[in-house]
Structure formats: C-alpha cells, structure tokens
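Colleague: coords_13.pdb is reproduced below (PDB, C-alpha atoms, pLDDT in the B column).
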```pdb
ATOM      1  CA  MET C   1     -19.868  11.525  43.102  1.00 41.00           C
ATOM      2  CA  GLN C   2     -22.239  13.342  40.781  1.00 52.00           C
ATOM      3  CA  ASP C   3     -23.133  11.758  37.480  1.00 70.00           C
ATOM      4  CA  GLN C   4     -24.054  15.043  35.827  1.00 85.00           C
ATOM      5  CA  ASP C   5     -21.728  17.835  34.768  1.00 92.00           C
ATOM      6  CA  PRO C   6     -23.025  21.101  36.274  1.00 94.00           C
ATOM      7  CA  ILE C   7     -21.439  23.174  33.489  1.00 94.00           C
ATOM      8  CA  GLU C   8     -23.250  21.110  30.871  1.00 95.00           C
ATOM      9  CA  ILE C   9     -26.573  21.440  32.687  1.00 95.00           C
ATOM     10  CA  ALA C  10     -26.100  25.187  33.078  1.00 94.00           C
ATOM     11  CA  THR C  11     -25.111  25.773  29.453  1.00 94.00           C
ATOM     12  CA  ARG C  12     -28.194  23.831  28.315  1.00 94.00           C
ATOM     13  CA  ALA C  13     -30.311  26.110  30.524  1.00 93.00           C
ATOM     14  CA  LEU C  14     -28.641  29.143  28.914  1.00 94.00           C
ATOM     15  CA  GLU C  15     -28.881  27.810  25.372  1.00 93.00           C
ATOM     16  CA  HIS C  16     -32.032  29.677  24.331  1.00 92.00           C
ATOM     17  CA  ARG C  17     -32.082  32.714  26.606  1.00 93.00           C
ATOM     18  CA  ASP C  18     -30.119  34.602  29.199  1.00 94.00           C
ATOM     19  CA  ARG C  19     -30.787  33.707  32.823  1.00 97.00           C
ATOM     20  CA  SER C  20     -29.745  35.194  36.128  1.00 97.00           C
ATOM     21  CA  ARG C  21     -27.256  33.518  38.422  1.00 97.00           C
ATOM     22  CA  ARG C  22     -30.100  32.625  40.788  1.00 97.00           C
ATOM     23  CA  ASP C  23     -32.135  31.055  37.985  1.00 97.00           C
ATOM     24  CA  VAL C  24     -29.195  28.901  36.886  1.00 97.00           C
ATOM     25  CA  ALA C  25     -28.409  27.972  40.506  1.00 97.00           C
ATOM     26  CA  GLU C  26     -32.005  26.850  41.006  1.00 97.00           C
ATOM     27  CA  ARG C  27     -31.844  24.765  37.833  1.00 96.00           C
ATOM     28  CA  LEU C  28     -28.655  23.095  39.060  1.00 97.00           C
ATOM     29  CA  ALA C  29     -30.192  22.456  42.493  1.00 97.00           C
ATOM     30  CA  ARG C  30     -33.215  20.781  40.863  1.00 96.00           C
ATOM     31  CA  ALA C  31     -30.784  18.572  38.960  1.00 95.00           C
ATOM     32  CA  GLY C  32     -29.294  17.444  42.259  1.00 95.00           C
ATOM     33  CA  ILE C  33     -25.992  19.308  41.992  1.00 95.00           C
ATOM     34  CA  ASP C  34     -24.537  19.990  45.442  1.00 95.00           C
ATOM     35  CA  GLU C  35     -23.938  23.558  46.601  1.00 95.00           C
ATOM     36  CA  GLU C  36     -20.156  23.550  46.229  1.00 96.00           C
ATOM     37  CA  ALA C  37     -20.305  22.215  42.663  1.00 95.00           C
ATOM     38  CA  ARG C  38     -23.096  24.702  41.825  1.00 96.00           C
ATOM     39  CA  ASN C  39     -21.043  27.635  43.077  1.00 96.00           C
ATOM     40  CA  ASP C  40     -17.907  26.448  41.263  1.00 96.00           C
ATOM     41  CA  ALA C  41     -19.845  26.062  38.011  1.00 96.00           C
ATOM     42  CA  LEU C  42     -21.563  29.437  38.385  1.00 97.00           C
ATOM     43  CA  ASP C  43     -18.278  31.186  39.170  1.00 97.00           C
ATOM     44  CA  ALA C  44     -16.686  29.642  36.065  1.00 97.00           C
ATOM     45  CA  LEU C  45     -19.659  30.630  33.899  1.00 97.00           C
ATOM     46  CA  GLU C  46     -19.511  34.191  35.222  1.00 96.00           C
ATOM     47  CA  ARG C  47     -15.785  34.427  34.476  1.00 97.00           C
ATOM     48  CA  VAL C  48     -16.367  33.538  30.823  1.00 96.00           C
ATOM     49  CA  GLY C  49     -19.479  35.727  30.534  1.00 95.00           C
ATOM     50  CA  TYR C  50     -22.131  33.011  30.158  1.00 95.00           C
ATOM     51  CA  VAL C  51     -23.837  34.192  33.341  1.00 97.00           C
ATOM     52  CA  ASP C  52     -24.054  37.954  33.783  1.00 97.00           C
ATOM     53  CA  ASP C  53     -26.746  39.405  36.030  1.00 97.00           C
ATOM     54  CA  ASP C  54     -26.217  42.941  34.692  1.00 97.00           C
ATOM     55  CA  ARG C  55     -26.775  41.780  31.112  1.00 97.00           C
ATOM     56  CA  PHE C  56     -29.735  39.657  32.201  1.00 98.00           C
ATOM     57  CA  ALA C  57     -31.249  42.648  34.040  1.00 98.00           C
ATOM     58  CA  ARG C  58     -30.910  44.927  31.009  1.00 98.00           C
ATOM     59  CA  SER C  59     -32.446  42.449  28.572  1.00 97.00           C
ATOM     60  CA  ARG C  60     -35.217  41.387  30.964  1.00 98.00           C
ATOM     61  CA  ALA C  61     -36.097  45.009  31.802  1.00 98.00           C
ATOM     62  CA  GLU C  62     -36.231  45.917  28.110  1.00 98.00           C
ATOM     63  CA  ALA C  63     -38.397  42.901  27.293  1.00 98.00           C
ATOM     64  CA  LEU C  64     -40.841  43.694  30.099  1.00 98.00           C
ATOM     65  CA  ALA C  65     -40.983  47.384  29.164  1.00 98.00           C
ATOM     66  CA  ASN C  66     -41.708  46.384  25.567  1.00 97.00           C
ATOM     67  CA  ARG C  67     -44.560  44.221  26.870  1.00 97.00           C
ATOM     68  CA  GLY C  68     -46.112  47.217  28.627  1.00 97.00           C
ATOM     69  CA  TYR C  69     -44.842  46.920  32.200  1.00 98.00           C
ATOM     70  CA  GLY C  70     -43.939  49.817  34.457  1.00 98.00           C
ATOM     71  CA  ASP C  71     -40.833  50.351  36.537  1.00 98.00           C
ATOM     72  CA  GLU C  72     -42.215  48.918  39.779  1.00 98.00           C
ATOM     73  CA  TRP C  73     -43.254  45.651  38.116  1.00 98.00           C
ATOM     74  CA  ILE C  74     -39.893  45.389  36.377  1.00 98.00           C
ATOM     75  CA  ARG C  75     -38.011  46.069  39.635  1.00 98.00           C
ATOM     76  CA  HIS C  76     -40.046  43.372  41.403  1.00 98.00           C
ATOM     77  CA  ASP C  77     -39.547  40.860  38.590  1.00 98.00           C
ATOM     78  CA  LEU C  78     -35.794  41.395  38.535  1.00 98.00           C
ATOM     79  CA  GLY C  79     -35.694  40.908  42.299  1.00 98.00           C
ATOM     80  CA  GLU C  80     -37.566  37.616  41.888  1.00 98.00           C
ATOM     81  CA  HIS C  81     -34.746  36.507  39.592  1.00 98.00           C
ATOM     82  CA  GLY C  82     -32.120  37.450  42.176  1.00 97.00           C
ATOM     83  CA  VAL C  83     -30.932  40.650  40.522  1.00 97.00           C
ATOM     84  CA  GLY C  84     -29.576  43.130  43.058  1.00 96.00           C
ATOM     85  CA  ALA C  85     -31.116  46.549  43.613  1.00 97.00           C
ATOM     86  CA  GLU C  86     -28.217  48.393  41.974  1.00 97.00           C
ATOM     87  CA  ALA C  87     -28.265  46.282  38.792  1.00 97.00           C
ATOM     88  CA  ALA C  88     -32.064  46.586  38.637  1.00 98.00           C
ATOM     89  CA  ALA C  89     -31.884  50.376  39.015  1.00 98.00           C
ATOM     90  CA  GLU C  90     -29.288  50.610  36.237  1.00 98.00           C
ATOM     91  CA  ALA C  91     -31.374  48.418  33.939  1.00 98.00           C
ATOM     92  CA  ILE C  92     -34.509  50.459  34.571  1.00 98.00           C
ATOM     93  CA  GLY C  93     -32.542  53.680  34.160  1.00 98.00           C
ATOM     94  CA  ALA C  94     -31.509  52.567  30.670  1.00 98.00           C
ATOM     95  CA  LEU C  95     -35.148  52.310  29.572  1.00 98.00           C
ATOM     96  CA  ALA C  96     -37.196  55.098  28.061  1.00 97.00           C
ATOM     97  CA  PRO C  97     -38.675  57.166  30.894  1.00 97.00           C
ATOM     98  CA  GLU C  98     -41.693  55.497  32.481  1.00 97.00           C
ATOM     99  CA  ALA C  99     -43.939  58.499  31.733  1.00 96.00           C
ATOM    100  CA  GLU C 100     -43.112  58.212  28.015  1.00 96.00           C
ATOM    101  CA  ARG C 101     -43.871  54.503  27.998  1.00 97.00           C
ATOM    102  CA  ALA C 102     -47.159  55.142  29.813  1.00 97.00           C
ATOM    103  CA  ALA C 103     -48.088  57.918  27.382  1.00 96.00           C
ATOM    104  CA  ALA C 104     -47.479  55.598  24.406  1.00 96.00           C
ATOM    105  CA  LEU C 105     -49.760  52.985  25.941  1.00 96.00           C
ATOM    106  CA  VAL C 106     -52.450  55.581  26.678  1.00 96.00           C
ATOM    107  CA  ALA C 107     -52.233  56.781  23.057  1.00 95.00           C
ATOM    108  CA  ARG C 108     -52.756  53.203  21.883  1.00 95.00           C
ATOM    109  CA  LEU C 109     -55.395  52.121  24.437  1.00 94.00           C
ATOM    110  CA  GLY C 110     -57.238  55.395  24.955  1.00 94.00           C
ATOM    111  CA  ARG C 111     -57.397  57.871  27.830  1.00 93.00           C
ATOM    112  CA  THR C 112     -59.950  56.074  29.992  1.00 93.00           C
ATOM    113  CA  PRO C 113     -60.244  55.001  33.616  1.00 91.00           C
ATOM    114  CA  LYS C 114     -59.938  51.397  32.399  1.00 94.00           C
ATOM    115  CA  THR C 115     -56.568  52.223  30.797  1.00 94.00           C
ATOM    116  CA  GLY C 116     -55.419  53.911  33.987  1.00 93.00           C
ATOM    117  CA  ALA C 117     -56.343  50.847  36.033  1.00 94.00           C
ATOM    118  CA  HIS C 118     -54.616  48.600  33.517  1.00 95.00           C
ATOM    119  CA  LEU C 119     -51.390  50.617  33.713  1.00 96.00           C
ATOM    120  CA  ALA C 120     -51.514  50.699  37.501  1.00 95.00           C
ATOM    121  CA  ARG C 121     -51.799  46.889  37.540  1.00 96.00           C
ATOM    122  CA  LYS C 122     -48.812  46.721  35.197  1.00 97.00           C
ATOM    123  CA  GLY C 123     -46.652  48.571  37.733  1.00 97.00           C
ATOM    124  CA  PHE C 124     -46.664  52.130  36.438  1.00 97.00           C
ATOM    125  CA  GLY C 125     -46.059  54.741  39.113  1.00 95.00           C
ATOM    126  CA  GLU C 126     -48.490  57.450  40.105  1.00 93.00           C
ATOM    127  CA  ASP C 127     -46.458  60.237  38.475  1.00 94.00           C
ATOM    128  CA  ALA C 128     -46.301  58.388  35.152  1.00 95.00           C
ATOM    129  CA  LEU C 129     -50.033  57.707  35.261  1.00 94.00           C
ATOM    130  CA  GLU C 130     -50.902  61.298  36.092  1.00 93.00           C
ATOM    131  CA  SER C 131     -48.712  62.553  33.287  1.00 93.00           C
ATOM    132  CA  ALA C 132     -49.934  60.045  30.688  1.00 93.00           C
ATOM    133  CA  LEU C 133     -53.600  60.383  31.567  1.00 92.00           C
ATOM    134  CA  GLY C 134     -53.466  64.177  31.872  1.00 88.00           C
ATOM    135  CA  ILE C 135     -54.622  64.140  35.477  1.00 75.00           C
ATOM    136  CA  ASP C 136     -53.905  67.138  37.646  1.00 54.00           C
ATOM    137  CA  PRO C 137     -52.955  65.787  41.097  1.00 46.00           C
ATOM    138  CA  ALA C 138     -54.428  68.958  42.684  1.00 45.00           C
ATOM    139  CA  ASP C 139     -57.903  67.923  41.485  1.00 46.00           C
TER
END
```
Using structure tokens, write down the structure that the file contains.
Modeller:
Amino acid sequence: MQDQDPIEIATRALEHRDRSRRDVAERLARAGIDEEARNDALDALERVGYVDDDRFARSRAEALANRGYGDEWIRHDLGEHGVGAEAAAEAIGALAPEAERAAALVARLGRTPKTGAHLARKGFGEDALESALGIDPAD
C-alpha cells in the first residue's frame, strides 16, 4: 500500500506551471508511485484538464520562441517532454513564422556572422536564417 496520494503529488507538481503528462509521470515515479496508480492518477487529471499536453505544448512553444529559439529547437524540446509530433507541429504552427522571429532577432543583434551562428545554435532553420540575414542561397 502506498503512503502517498498520487493526485496530491501531481497537483503539487502542477501548482506553479503546466507540465506534460510525461513530466508528471516521471515525478510520480520518482515519488515511488507504482505504474498502475500513476496511470490512474494521470488519466483522472487529464479528464479534469489539469494535465493537457496540447496546452503544455502551446505554452512551452510560445515561451521558447519568446526566448529566441527556432522551430527545430522547440520541436526537440517538446519531444523531450513527451509531446507527440502532431501536438508539437500544431504548437509551432501557432507561433509567428520562424523567419519573422529570426528577422526580429537579427534586427536586435545585428546582421553579422556571429548572429547567424547564434541563431543556428538556437534551432533556426536554414530558410529562416537566409531570409533574416539577407543571404542569397545562390551565392
């Protein structure tokens, strides 16, 4: 018999920010909650809307985009949190276009090779970089 209530543990984990189902499941596993009880708790929390991977994906994608990350980084990060490809694609699709976000960063940081490298490390795609940096791919 478990001494801890998995719903209570999960709601404490969700108290300050949204988390994915996988993140909450991992928290419950670390607390020693067995798999059946974890799944029951997660199913109940999904039914009442406390755990919602689509909502998590949208808010996480927006937060990462606001912190200067490109689509590829965001897609990878969401996958690390257990968000499915379809939910990740929808979340990224709701963001401002990647080329616009890259152009805003270039305007702020300057049109330099260093900025281009920085954006590439942050997961911006080649097309967005070429557009934002004014590079002609034929050159």
Colleague: Show me, as a VMD selection string, the residues that have an atom within 8 Å of Leu95 in chain C when counting all atoms listed in the file, minus same-chain residues fewer than 4 positions from it.
Modeller: chain C and resid 61 to 62 65 91
Colleague: Given the choices C:Asp3, C:Gly116, C:Thr11, C:Arg58, which gets closest to Ile33 in chain C if the distance is worked out from all atoms listed in the file?
Modeller: C:Asp3
Colleague: CA of Tyr50 in chain C and CA of Leu64 in chain C, how far apart in Å?
Modeller: 21.5 Å
Colleague: Between C:Gly68, C:Ala94, C:Val83, C:Asp77, which one has atoms that come closest to Thr115 in chain C, using only C-alpha atoms?
Modeller: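 Going through C:Gly68, C:Ala94, C:Val83, C:Asp77 one by one, the smallest distance to Thr115 in chain C is for C:Gly68.
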Colleague: Could you tell me how far CA of Arg75 in chain C lies from CA of Ala89 in chain C, in Å and to one decimal?
Modeller: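 Separation of CA of Arg75 in chain C and CA of Ala89 in chain C: 7.5 Å.
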Colleague: I'd like to see the residues matched by the PyMOL selection byres ((chain C and resi 97-104) around 9) on this file, and ideally I'd get them as a list in words.
Modeller: Ala65, Asn66, Gly68, Tyr69, Gly70, Asp71, Ile92, Gly93, Ala94, Leu95, Ala96, Leu105, Val106, Ala107, Arg108, Leu109, Leu119, Phe124, Gly125, Asp127, Ala128, Leu129, Glu130, Ser131, Ala132 and Leu133 of chain C
